[in-house]
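Asks: target19.cif is the file, holding mmCIF, C-alpha atoms and all ligand atoms:
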data_start
#
loop_
_atom_site.group_PDB
_atom_site.id
_atom_site.type_symbol
_atom_site.label_atom_id
_atom_site.label_comp_id
_atom_site.auth_asym_id
_atom_site.auth_seq_id
_atom_site.Cartn_x
_atom_site.Cartn_y
_atom_site.Cartn_z
ATOM 1 C CA MET A 1 79.103 53.017 73.271
ATOM 2 C CA THR A 2 82.108 52.539 71.013
ATOM 3 C CA LEU A 3 85.717 53.375 71.828
ATOM 4 C CA LEU A 4 87.761 54.307 68.745
ATOM 5 C CA ILE A 5 91.504 53.767 68.988
ATOM 6 C CA VAL A 6 93.528 55.553 66.311
ATOM 7 C CA TYR A 7 97.257 54.928 66.118
ATOM 8 C CA HIS A 8 100.349 55.412 64.027
ATOM 9 C CA SER A 9 103.520 53.401 64.402
ATOM 10 C CA ARG A 10 106.737 53.255 62.383
ATOM 11 C CA THR A 11 108.702 50.615 64.309
ATOM 12 C CA GLY A 12 105.895 48.792 66.111
ATOM 13 C CA GLY A 13 105.946 50.217 69.646
ATOM 14 C CA SER A 14 102.788 52.299 69.362
ATOM 15 C CA ARG A 15 101.077 49.445 67.518
ATOM 16 C CA LEU A 16 101.746 47.062 70.416
ATOM 17 C CA MET A 17 100.436 49.666 72.863
ATOM 18 C CA ALA A 18 97.286 50.301 70.817
ATOM 19 C CA GLU A 19 96.607 46.588 70.337
ATOM 20 C CA ALA A 20 97.034 45.904 74.065
ATOM 21 C CA ALA A 21 94.605 48.709 74.882
ATOM 22 C CA ARG A 22 92.140 47.441 72.272
ATOM 23 C CA ASP A 23 92.223 43.861 73.548
ATOM 24 C CA ALA A 24 91.509 44.975 77.111
ATOM 25 C CA ALA A 25 88.892 47.503 76.014
ATOM 26 C CA ALA A 26 87.067 44.870 73.984
ATOM 27 C CA GLU A 27 86.367 42.958 77.195
ATOM 28 C CA GLU A 28 84.458 45.968 78.533
ATOM 29 C CA GLY A 29 82.579 47.104 75.426
ATOM 30 C CA PRO A 30 82.804 47.770 71.693
ATOM 31 C CA ALA A 31 86.301 48.886 70.634
ATOM 32 C CA ARG A 32 87.565 49.712 67.129
ATOM 33 C CA LEU A 33 91.228 49.947 66.186
ATOM 34 C CA LEU A 34 92.202 51.987 63.120
ATOM 35 C CA ARG A 35 95.527 53.078 61.687
ATOM 36 C CA ALA A 36 95.869 56.849 61.394
ATOM 37 C CA GLU A 37 96.179 56.497 57.623
ATOM 38 C CA GLU A 38 92.777 54.813 57.309
ATOM 39 C CA ALA A 39 90.781 56.712 59.949
ATOM 40 C CA GLU A 40 88.215 59.119 58.516
ATOM 41 C CA PRO A 41 86.026 61.874 59.993
ATOM 42 C CA GLU A 42 83.042 59.486 59.839
ATOM 43 C CA ASP A 43 84.899 57.084 62.125
ATOM 44 C CA LEU A 44 85.320 59.851 64.693
ATOM 45 C CA LEU A 45 81.656 60.846 64.411
ATOM 46 C CA ASP A 46 80.511 57.237 64.827
ATOM 47 C CA ALA A 47 82.496 56.679 68.057
ATOM 48 C CA ASP A 48 81.642 57.807 71.592
ATOM 49 C CA GLY A 49 85.183 58.135 72.970
ATOM 50 C CA TYR A 50 88.749 58.079 71.713
ATOM 51 C CA LEU A 51 92.204 56.759 72.446
ATOM 52 C CA PHE A 52 94.959 58.308 70.321
ATOM 53 C CA CYS A 53 98.325 56.548 70.233
ATOM 54 C CA ALA A 54 101.454 57.672 68.358
ATOM 55 C CA PRO A 55 105.221 58.013 68.532
ATOM 56 C CA GLU A 56 107.050 61.205 69.314
ATOM 57 C CA ASN A 57 109.233 62.096 66.315
ATOM 58 C CA LEU A 58 111.494 65.134 66.272
ATOM 59 C CA ALA A 59 109.850 66.525 69.402
ATOM 60 C CA ALA A 60 106.369 66.366 67.855
ATOM 61 C CA LEU A 61 103.601 63.921 66.941
ATOM 62 C CA SER A 62 104.691 61.587 64.144
ATOM 63 C CA GLY A 63 103.837 62.964 60.701
ATOM 64 C CA ALA A 64 101.172 60.369 59.868
ATOM 65 C CA MET A 65 99.359 60.990 63.172
ATOM 66 C CA LYS A 66 99.513 64.735 62.608
ATOM 67 C CA GLU A 67 98.176 64.219 59.076
ATOM 68 C CA PHE A 68 95.209 62.289 60.553
ATOM 69 C CA PHE A 69 94.428 65.192 62.866
ATOM 70 C CA ASP A 70 94.938 67.741 60.055
ATOM 71 C CA ARG A 71 92.642 65.795 57.719
ATOM 72 C CA CYS A 72 89.875 65.263 60.272
ATOM 73 C CA TYR A 73 90.066 68.438 62.383
ATOM 74 C CA TYR A 74 87.616 70.713 60.565
ATOM 75 C CA PRO A 75 85.190 68.048 59.281
ATOM 76 C CA VAL A 76 84.324 67.066 62.896
ATOM 77 C CA LEU A 77 84.874 70.404 64.677
ATOM 78 C CA GLY A 78 81.807 71.222 66.795
ATOM 79 C CA ARG A 79 80.356 67.730 66.311
ATOM 80 C CA ILE A 80 82.253 65.666 68.906
ATOM 81 C CA GLU A 81 82.402 68.162 71.781
ATOM 82 C CA GLY A 82 82.410 66.732 75.293
ATOM 83 C CA ARG A 83 83.373 63.201 74.324
ATOM 84 C CA PRO A 84 86.096 61.571 76.471
ATOM 85 C CA TYR A 85 89.584 60.844 75.197
ATOM 86 C CA ALA A 86 93.010 59.689 76.317
ATOM 87 C CA LEU A 87 96.499 59.647 74.815
ATOM 88 C CA MET A 88 99.307 57.131 74.642
ATOM 89 C CA ILE A 89 102.730 58.179 73.353
ATOM 90 C CA CYS A 90 105.619 55.860 72.485
ATOM 91 C CA ALA A 91 108.896 57.773 72.787
ATOM 92 C CA GLY A 92 112.595 57.119 72.836
ATOM 93 C CA SER A 93 113.361 59.207 75.869
ATOM 94 C CA ASP A 94 110.851 62.065 76.154
ATOM 95 C CA GLY A 95 107.348 62.152 74.636
ATOM 96 C CA GLU A 96 106.137 65.265 76.439
ATOM 97 C CA ASN A 97 105.944 67.470 73.349
ATOM 98 C CA ALA A 98 103.922 64.950 71.364
ATOM 99 C CA ALA A 99 101.523 64.542 74.298
ATOM 100 C CA ARG A 100 101.172 68.317 74.651
ATOM 101 C CA GLN A 101 100.567 68.736 70.929
ATOM 102 C CA ALA A 102 97.869 66.045 70.826
ATOM 103 C CA ALA A 103 96.234 67.468 73.965
ATOM 104 C CA ARG A 104 96.019 70.907 72.322
ATOM 105 C CA ILE A 105 94.273 69.389 69.320
ATOM 106 C CA ALA A 106 91.863 67.547 71.633
ATOM 107 C CA THR A 107 91.217 70.797 73.484
ATOM 108 C CA GLY A 108 90.403 72.430 70.136
ATOM 109 C CA TRP A 109 87.833 69.718 69.565
ATOM 110 C CA ARG A 110 86.525 70.347 73.116
ATOM 111 C CA LEU A 111 87.095 66.718 74.048
ATOM 112 C CA LYS A 112 87.233 65.808 77.726
ATOM 113 C CA GLU A 113 90.458 64.268 79.045
ATOM 114 C CA ALA A 114 89.446 60.993 80.716
ATOM 115 C CA GLN A 115 92.934 60.033 81.945
ATOM 116 C CA PRO A 116 96.361 61.714 81.964
ATOM 117 C CA PRO A 117 98.560 60.854 78.938
ATOM 118 C CA LEU A 118 100.435 57.561 79.165
ATOM 119 C CA ILE A 119 104.001 57.988 77.856
ATOM 120 C CA LEU A 120 106.188 54.898 77.430
ATOM 121 C CA CYS A 121 109.889 55.231 76.613
ATOM 122 C CA THR A 122 111.749 52.566 74.639
ATOM 123 C CA HIS A 123 115.140 54.043 75.630
ATOM 124 C CA ALA A 124 116.393 53.687 72.059
ATOM 125 C CA GLN A 125 119.333 56.061 71.663
ATOM 126 C CA THR A 126 121.440 55.085 68.647
ATOM 127 C CA PRO A 127 120.123 55.388 65.047
ATOM 128 C CA GLU A 128 120.187 51.578 64.786
ATOM 129 C CA ALA A 129 118.171 51.128 67.984
ATOM 130 C CA ILE A 130 115.723 53.865 66.988
ATOM 131 C CA MET A 131 115.031 52.260 63.609
ATOM 132 C CA ALA A 132 114.802 48.704 65.029
ATOM 133 C CA LYS A 133 111.489 46.907 65.535
ATOM 134 C CA LYS A 134 110.260 47.607 69.072
ATOM 135 C CA THR A 135 109.170 45.329 71.869
ATOM 136 C CA ILE A 136 107.336 46.685 74.907
ATOM 137 C CA PRO A 137 107.712 44.932 78.281
ATOM 138 C CA GLU A 138 104.565 43.168 79.521
ATOM 139 C CA GLU A 139 104.301 45.343 82.631
ATOM 140 C CA GLU A 140 104.224 48.431 80.413
ATOM 141 C CA LEU A 141 101.664 46.852 78.097
ATOM 142 C CA ASP A 142 99.613 46.225 81.260
ATOM 143 C CA ARG A 143 99.424 50.004 81.712
ATOM 144 C CA CYS A 144 98.014 50.277 78.173
ATOM 145 C CA ARG A 145 95.542 47.490 78.966
ATOM 146 C CA GLU A 146 94.437 49.315 82.131
ATOM 147 C CA LEU A 147 93.910 52.526 80.210
ATOM 148 C CA GLY A 148 91.949 50.830 77.426
ATOM 149 C CA ALA A 149 89.803 48.898 79.879
ATOM 150 C CA ALA A 150 89.101 51.987 82.006
ATOM 151 C CA LEU A 151 88.057 54.028 78.983
ATOM 152 C CA ALA A 152 85.797 51.325 77.586
ATOM 153 C CA ALA A 153 84.266 50.550 80.999
ATOM 154 C CA GLY A 154 83.669 54.237 81.672
ATOM 155 C CA LEU A 155 81.977 54.612 78.301
ATOM 156 C CA SER A 156 79.761 51.571 78.894
ATOM 157 C CA MET A 157 78.747 52.859 82.336
ATOM 158 C CA GLY A 158 78.297 56.419 81.113
ATOM 159 C CA VAL A 159 80.588 57.909 83.763
ATOM 160 C CA PHE A 160 82.319 60.505 81.556
HETATM 161 C C1 LIG B 1 112.813 60.421 63.011
HETATM 162 C C2 LIG B 1 112.641 60.057 64.471
HETATM 163 C C3 LIG B 1 112.613 61.068 65.404
HETATM 164 C C4 LIG B 1 112.468 60.765 66.762
HETATM 165 N N1 LIG B 1 112.384 61.791 67.656
HETATM 166 C C5 LIG B 1 112.147 61.513 68.971
HETATM 167 C C6 LIG B 1 111.944 62.581 69.894
HETATM 168 O O1 LIG B 1 111.948 63.748 69.556
HETATM 169 N N2 LIG B 1 111.739 62.253 71.204
HETATM 170 C C7 LIG B 1 111.709 60.958 71.644
HETATM 171 O O2 LIG B 1 111.512 60.713 72.826
HETATM 172 N N3 LIG B 1 111.874 59.920 70.765
HETATM 173 C C8 LIG B 1 112.079 60.172 69.443
HETATM 174 N N4 LIG B 1 112.214 59.135 68.543
HETATM 175 C C9 LIG B 1 112.147 57.748 69.034
HETATM 176 C C10 LIG B 1 110.762 57.137 68.844
HETATM 177 O O3 LIG B 1 109.793 57.895 69.494
HETATM 178 C C11 LIG B 1 110.759 55.720 69.421
HETATM 179 O O4 LIG B 1 111.651 54.953 68.650
HETATM 180 C C12 LIG B 1 109.377 55.063 69.427
HETATM 181 O O5 LIG B 1 109.508 53.734 69.827
HETATM 182 C C13 LIG B 1 108.736 55.069 68.077
HETATM 183 O O6 LIG B 1 107.438 54.491 68.140
HETATM 184 P P1 LIG B 1 106.985 53.372 67.095
HETATM 185 O O7 LIG B 1 107.792 52.143 67.408
HETATM 186 O O8 LIG B 1 105.537 53.215 67.331
HETATM 187 O O9 LIG B 1 107.296 53.890 65.706
HETATM 188 C C14 LIG B 1 112.364 59.412 67.191
HETATM 189 C C15 LIG B 1 112.376 58.401 66.213
HETATM 190 C C16 LIG B 1 112.512 58.702 64.868
HETATM 191 C C17 LIG B 1 112.504 57.593 63.848
#
Output the file's structure in the form of structure tokens.
Ligand SMILES: Cc1cc2nc3c(=O)[nH]c(=O)nc-3n(C[C@H](O)[C@H](O)[C@H](O)COP(=O)(O)O)c2cc1C
Replies:
Amino acid sequence: MTLLIVYHSRTGGSRLMAEAARDAAAEEGPARLLRAEEAEPEDLLDADGYLFCAPENLAALSGAMKEFFDRCYYPVLGRIEGRPYALMICAGSDGENAARQAARIATGWRLKEAQPPLILCTHAQTPEAIMAKKTIPEEELDRCRELGAALAAGLSMGVF
């Protein structure tokens, strides 16, 4: 039972979150990490559950993550219904709109929410801070690890 983690990241925050989740998930079962730009409909079809991870940009999912969903939405519609998923959003100060947008897409696919969205805020406020490479505190990465491990363990045990 494979967990597919698809992420986009411009300044590294979402990448750190996705990698932390992948590392923890891999201890519980098969886990694949793909960038949004390289993930294809076949990758979604081949997986048994999903973790989507992206930044909030301009009160929405980042463009590259949205482009992944746009590109894959119809090719897999009706073919992945009922599979579990979770979301992780890296935001400056909010993240709610990106989480809501991704959840609506997942609802369209008839995926099953396995965990509430995990939103981490970097508290970057100035243009310089927003464009800077991000670090995520270990205790926040632990929350990503917990989410990845719970998803992968649930998939392996067939609890979803
Ligand atoms: C163009 C742009 C727009 C942004 N808009 C928002 C926003 O609407 N809400 C928010 O909370 N953060 C916003 N941010 C901050 C990013 O979400 C934050 O820097 C996050 O760490 C980016 O994730 P990444 O490091 O994976 O790229 C924005 C950043 C950029 C570059």
Asks: So which residues touch Met131 of chain A within 9 Å, counting only C-alpha atoms, skipping near sequence neighbours fewer than 5 positions away, as JSON, numbers by chain?
Replies: {"A": [10, 11, 124, 126]}
Asks: I'd like to see the residues matched by the PyMOL selection byres (((not hetatm)) within 10 of (chain B and resi 1)) on this file, and ideally I'd get them as a short mmCIF file (atom, residue, chain, number, x, y, z; two decimals) with C-alpha atoms, in the frame of the given file.
Replies:
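Final file, part-v2.cif:
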data_model
loop_
_atom_site.label_atom_id
_atom_site.label_comp_id
_atom_site.auth_asym_id
_atom_site.auth_seq_id
_atom_site.Cartn_x
_atom_site.Cartn_y
_atom_site.Cartn_z
CA TYR A 7 97.26 54.93 66.12
CA HIS A 8 100.35 55.41 64.03
CA SER A 9 103.52 53.40 64.40
CA ARG A 10 106.74 53.26 62.38
CA THR A 11 108.70 50.62 64.31
CA GLY A 12 105.90 48.79 66.11
CA GLY A 13 105.95 50.22 69.65
CA SER A 14 102.79 52.30 69.36
CA ARG A 15 101.08 49.44 67.52
CA LEU A 16 101.75 47.06 70.42
CA MET A 17 100.44 49.67 72.86
CA ALA A 18 97.29 50.30 70.82
CA CYS A 53 98.32 56.55 70.23
CA ALA A 54 101.45 57.67 68.36
CA PRO A 55 105.22 58.01 68.53
CA GLU A 56 107.05 61.20 69.31
CA ASN A 57 109.23 62.10 66.32
CA LEU A 58 111.49 65.13 66.27
CA ALA A 59 109.85 66.53 69.40
CA ALA A 60 106.37 66.37 67.86
CA LEU A 61 103.60 63.92 66.94
CA SER A 62 104.69 61.59 64.14
CA GLY A 63 103.84 62.96 60.70
CA ILE A 89 102.73 58.18 73.35
CA CYS A 90 105.62 55.86 72.48
CA ALA A 91 108.90 57.77 72.79
CA GLY A 92 112.60 57.12 72.84
CA SER A 93 113.36 59.21 75.87
CA ASP A 94 110.85 62.06 76.15
CA GLY A 95 107.35 62.15 74.64
CA GLU A 96 106.14 65.26 76.44
CA ASN A 97 105.94 67.47 73.35
CA ALA A 98 103.92 64.95 71.36
CA ILE A 119 104.00 57.99 77.86
CA LEU A 120 106.19 54.90 77.43
CA CYS A 121 109.89 55.23 76.61
CA THR A 122 111.75 52.57 74.64
CA HIS A 123 115.14 54.04 75.63
CA ALA A 124 116.39 53.69 72.06
CA GLN A 125 119.33 56.06 71.66
CA THR A 126 121.44 55.08 68.65
CA PRO A 127 120.12 55.39 65.05
CA GLU A 128 120.19 51.58 64.79
CA ALA A 129 118.17 51.13 67.98
CA ILE A 130 115.72 53.86 66.99
CA MET A 131 115.03 52.26 63.61
CA ALA A 132 114.80 48.70 65.03
CA LYS A 133 111.49 46.91 65.54
CA LYS A 134 110.26 47.61 69.07
CA THR A 135 109.17 45.33 71.87
CA ILE A 136 107.34 46.68 74.91
#
Asks: Can you pull out every residue within 7 Å of segment 76-83 of chain A, counting all atoms listed in the file, but drop anything in the same chain fewer than 5 positions away, and send it as a ChimeraX atom specification?
Replies: /A:41,45,48-49,109-112
Asks: Those residues you just picked out, can you put them in a file as a PDB file, keeping the file's coordinate frame with C-alpha atoms?
Replies:
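Everything below was put into result-v8.pdb:
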ATOM      1  CA  PRO A  41      86.026  61.874  59.993  1.00  0.00           C
ATOM      2  CA  LEU A  45      81.656  60.846  64.411  1.00  0.00           C
ATOM      3  CA  ASP A  48      81.642  57.807  71.592  1.00  0.00           C
ATOM      4  CA  GLY A  49      85.183  58.135  72.970  1.00  0.00           C
ATOM      5  CA  TRP A 109      87.833  69.718  69.565  1.00  0.00           C
ATOM      6  CA  ARG A 110      86.525  70.347  73.116  1.00  0.00           C
ATOM      7  CA  LEU A 111      87.095  66.718  74.048  1.00  0.00           C
ATOM      8  CA  LYS A 112      87.233  65.808  77.726  1.00  0.00           C
TER       9      LYS A 112
END
Asks: Expressed in Å to a single decimal, how great is the separation between atom CA of Met65 of chain A and atom CA of Glu27 of chain A?
Replies: 26.3 Å
Asks: Skipping near chain neighbours, those fewer than 3 positions away, what residues fall within 10 Å of Pro116 of chain A using all atoms listed in the file, listed as a ChimeraX atom specification?
Replies: /A:85-88,99,103,113,119,147
Asks: Considering all atoms listed in the file, state which residue in the set A:Glu40, A:Phe69, A:Pro84, A:Leu3 is at the smallest distance from Phe160 of chain A.
Replies: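 Among the listed residues, the smallest separation from Phe160 of chain A belongs to A:Pro84.
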Asks: Which residues are near Pro30 of chain A? Cut-off 9 Å, all atoms listed in the file, ignore same chain within fewer than 3 positions. Put them as a VMD selection string.
Replies: chain A and resid 1 to 4 25 to 27 152 156
Asks: Could you write out that same residue set with C-alpha atoms as a compact mmCIF listing (two decimals), in the coordinates of the input?
Replies:
# COMPACT_ATOMS: atom_id res chain seq x y z
CA MET A 1 79.10 53.02 73.27
CA THR A 2 82.11 52.54 71.01
CA LEU A 3 85.72 53.38 71.83
CA LEU A 4 87.76 54.31 68.74
CA ALA A 25 88.89 47.50 76.01
CA ALA A 26 87.07 44.87 73.98
CA GLU A 27 86.37 42.96 77.19
CA ALA A 152 85.80 51.32 77.59
CA SER A 156 79.76 51.57 78.89
Asks: Name the closest residue to Ala31 of chain A among the candidates A:Ala64, A:Leu141, A:Cys72, A:Ala153; distances are taken between atoms, counting all atoms listed in the file.
Replies: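 Smallest distance to Ala31 of chain A is found for A:Ala153.
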Asks: Provide the atom CA of Gly148 of chain A to atom CA of Ala21 of chain A distance in Å, to one decimal place.
Replies: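 These two atoms are separated by 4.2 Å.
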Asks: Please indicate the distance in Å from atom CA of Asp23 of chain A to atom CA of Arg35 of chain A, rounded to one decimal place.
Replies: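 The value is 15.4 Å.
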Asks: When distances are computed from only C-alpha atoms, which of A:Leu34, A:Ala24, A:Cys144, A:Ala106 shows the smallest separation from Val6 of chain A?
Replies: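 Nearest candidate to Val6 of chain A out of A:Leu34, A:Ala24, A:Cys144, A:Ala106: A:Leu34.
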Asks: Please rebuild segment 86-115 of chain A with N, CA and C atoms and give the result as a PDB file, in the frame of the given file.
Replies:
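File rebuild.pdb, as written:
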ATOM      1  N   ALA A  86      91.720  59.844  75.638  1.00  0.00           N
ATOM      2  CA  ALA A  86      93.010  59.689  76.317  1.00  0.00           C
ATOM      3  C   ALA A  86      94.091  59.521  75.264  1.00  0.00           C
ATOM      4  N   LEU A  87      95.348  59.700  75.712  1.00  0.00           N
ATOM      5  CA  LEU A  87      96.499  59.647  74.815  1.00  0.00           C
ATOM      6  C   LEU A  87      97.496  58.611  75.293  1.00  0.00           C
ATOM      7  N   MET A  88      98.137  57.945  74.320  1.00  0.00           N
ATOM      8  CA  MET A  88      99.307  57.131  74.642  1.00  0.00           C
ATOM      9  C   MET A  88     100.411  57.521  73.651  1.00  0.00           C
ATOM     10  N   ILE A  89     101.597  57.786  74.186  1.00  0.00           N
ATOM     11  CA  ILE A  89     102.730  58.179  73.353  1.00  0.00           C
ATOM     12  C   ILE A  89     103.864  57.172  73.560  1.00  0.00           C
ATOM     13  N   CYS A  90     104.429  56.706  72.438  1.00  0.00           N
ATOM     14  CA  CYS A  90     105.619  55.860  72.485  1.00  0.00           C
ATOM     15  C   CYS A  90     106.806  56.743  72.114  1.00  0.00           C
ATOM     16  N   ALA A  91     107.776  56.853  73.003  1.00  0.00           N
ATOM     17  CA  ALA A  91     108.896  57.773  72.787  1.00  0.00           C
ATOM     18  C   ALA A  91     110.211  57.050  73.030  1.00  0.00           C
ATOM     19  N   GLY A  92     111.286  57.651  72.529  1.00  0.00           N
ATOM     20  CA  GLY A  92     112.595  57.119  72.836  1.00  0.00           C
ATOM     21  C   GLY A  92     112.984  57.484  74.257  1.00  0.00           C
ATOM     22  N   SER A  93     112.909  58.757  74.554  1.00  0.00           N
ATOM     23  CA  SER A  93     113.361  59.207  75.869  1.00  0.00           C
ATOM     24  C   SER A  93     112.539  60.346  76.449  1.00  0.00           C
ATOM     25  N   ASP A  94     111.557  60.879  75.672  1.00  0.00           N
ATOM     26  CA  ASP A  94     110.851  62.065  76.154  1.00  0.00           C
ATOM     27  C   ASP A  94     109.341  61.883  75.999  1.00  0.00           C
ATOM     28  N   GLY A  95     108.770  62.350  74.900  1.00  0.00           N
ATOM     29  CA  GLY A  95     107.348  62.152  74.636  1.00  0.00           C
ATOM     30  C   GLY A  95     106.454  63.292  75.071  1.00  0.00           C
ATOM     31  N   GLU A  96     106.979  64.207  75.877  1.00  0.00           N
ATOM     32  CA  GLU A  96     106.137  65.265  76.439  1.00  0.00           C
ATOM     33  C   GLU A  96     105.583  66.197  75.363  1.00  0.00           C
ATOM     34  N   ASN A  97     106.416  66.529  74.369  1.00  0.00           N
ATOM     35  CA  ASN A  97     105.944  67.470  73.349  1.00  0.00           C
ATOM     36  C   ASN A  97     104.834  66.872  72.504  1.00  0.00           C
ATOM     37  N   ALA A  98     104.974  65.602  72.150  1.00  0.00           N
ATOM     38  CA  ALA A  98     103.922  64.950  71.364  1.00  0.00           C
ATOM     39  C   ALA A  98     102.625  64.904  72.158  1.00  0.00           C
ATOM     40  N   ALA A  99     102.723  64.597  73.452  1.00  0.00           N
ATOM     41  CA  ALA A  99     101.523  64.542  74.298  1.00  0.00           C
ATOM     42  C   ALA A  99     100.873  65.921  74.391  1.00  0.00           C
ATOM     43  N   ARG A 100     101.704  66.954  74.538  1.00  0.00           N
ATOM     44  CA  ARG A 100     101.172  68.317  74.651  1.00  0.00           C
ATOM     45  C   ARG A 100     100.485  68.733  73.353  1.00  0.00           C
ATOM     46  N   GLN A 101     101.124  68.371  72.228  1.00  0.00           N
ATOM     47  CA  GLN A 101     100.567  68.736  70.929  1.00  0.00           C
ATOM     48  C   GLN A 101      99.204  68.055  70.703  1.00  0.00           C
ATOM     49  N   ALA A 102      99.129  66.763  71.007  1.00  0.00           N
ATOM     50  CA  ALA A 102      97.869  66.045  70.826  1.00  0.00           C
ATOM     51  C   ALA A 102      96.803  66.590  71.774  1.00  0.00           C
ATOM     52  N   ALA A 103      97.198  66.938  72.994  1.00  0.00           N
ATOM     53  CA  ALA A 103      96.234  67.468  73.965  1.00  0.00           C
ATOM     54  C   ALA A 103      95.672  68.813  73.493  1.00  0.00           C
ATOM     55  N   ARG A 104      96.507  69.622  72.837  1.00  0.00           N
ATOM     56  CA  ARG A 104      96.019  70.907  72.322  1.00  0.00           C
ATOM     57  C   ARG A 104      94.993  70.693  71.228  1.00  0.00           C
ATOM     58  N   ILE A 105      95.235  69.698  70.387  1.00  0.00           N
ATOM     59  CA  ILE A 105      94.273  69.389  69.320  1.00  0.00           C
ATOM     60  C   ILE A 105      92.955  68.921  69.940  1.00  0.00           C
ATOM     61  N   ALA A 106      93.070  68.046  70.957  1.00  0.00           N
ATOM     62  CA  ALA A 106      91.863  67.547  71.633  1.00  0.00           C
ATOM     63  C   ALA A 106      91.114  68.689  72.322  1.00  0.00           C
ATOM     64  N   THR A 107      91.856  69.636  72.865  1.00  0.00           N
ATOM     65  CA  THR A 107      91.217  70.797  73.484  1.00  0.00           C
ATOM     66  C   THR A 107      90.476  71.607  72.425  1.00  0.00           C
ATOM     67  N   GLY A 108      91.076  71.735  71.239  1.00  0.00           N
ATOM     68  CA  GLY A 108      90.403  72.430  70.136  1.00  0.00           C
ATOM     69  C   GLY A 108      89.088  71.765  69.776  1.00  0.00           C
ATOM     70  N   TRP A 109      89.065  70.466  69.830  1.00  0.00           N
ATOM     71  CA  TRP A 109      87.833  69.718  69.565  1.00  0.00           C
ATOM     72  C   TRP A 109      86.869  69.746  70.761  1.00  0.00           C
ATOM     73  N   ARG A 110      87.326  70.316  71.871  1.00  0.00           N
ATOM     74  CA  ARG A 110      86.525  70.347  73.116  1.00  0.00           C
ATOM     75  C   ARG A 110      86.233  68.933  73.627  1.00  0.00           C
ATOM     76  N   LEU A 111      87.214  68.047  73.448  1.00  0.00           N
ATOM     77  CA  LEU A 111      87.095  66.718  74.048  1.00  0.00           C
ATOM     78  C   LEU A 111      87.423  66.834  75.526  1.00  0.00           C
ATOM     79  N   LYS A 112      87.020  65.818  76.280  1.00  0.00           N
ATOM     80  CA  LYS A 112      87.233  65.808  77.726  1.00  0.00           C
ATOM     81  C   LYS A 112      88.309  64.776  78.060  1.00  0.00           C
ATOM     82  N   GLU A 113      89.388  65.208  78.693  1.00  0.00           N
ATOM     83  CA  GLU A 113      90.458  64.268  79.045  1.00  0.00           C
ATOM     84  C   GLU A 113      89.964  63.291  80.110  1.00  0.00           C
ATOM     85  N   ALA A 114      89.948  61.997  79.779  1.00  0.00           N
ATOM     86  CA  ALA A 114      89.446  60.993  80.716  1.00  0.00           C
ATOM     87  C   ALA A 114      90.536  60.500  81.656  1.00  0.00           C
ATOM     88  N   GLN A 115      91.783  60.534  81.170  1.00  0.00           N
ATOM     89  CA  GLN A 115      92.934  60.033  81.945  1.00  0.00           C
ATOM     90  C   GLN A 115      94.134  60.877  81.539  1.00  0.00           C
TER      91      GLN A 115
END
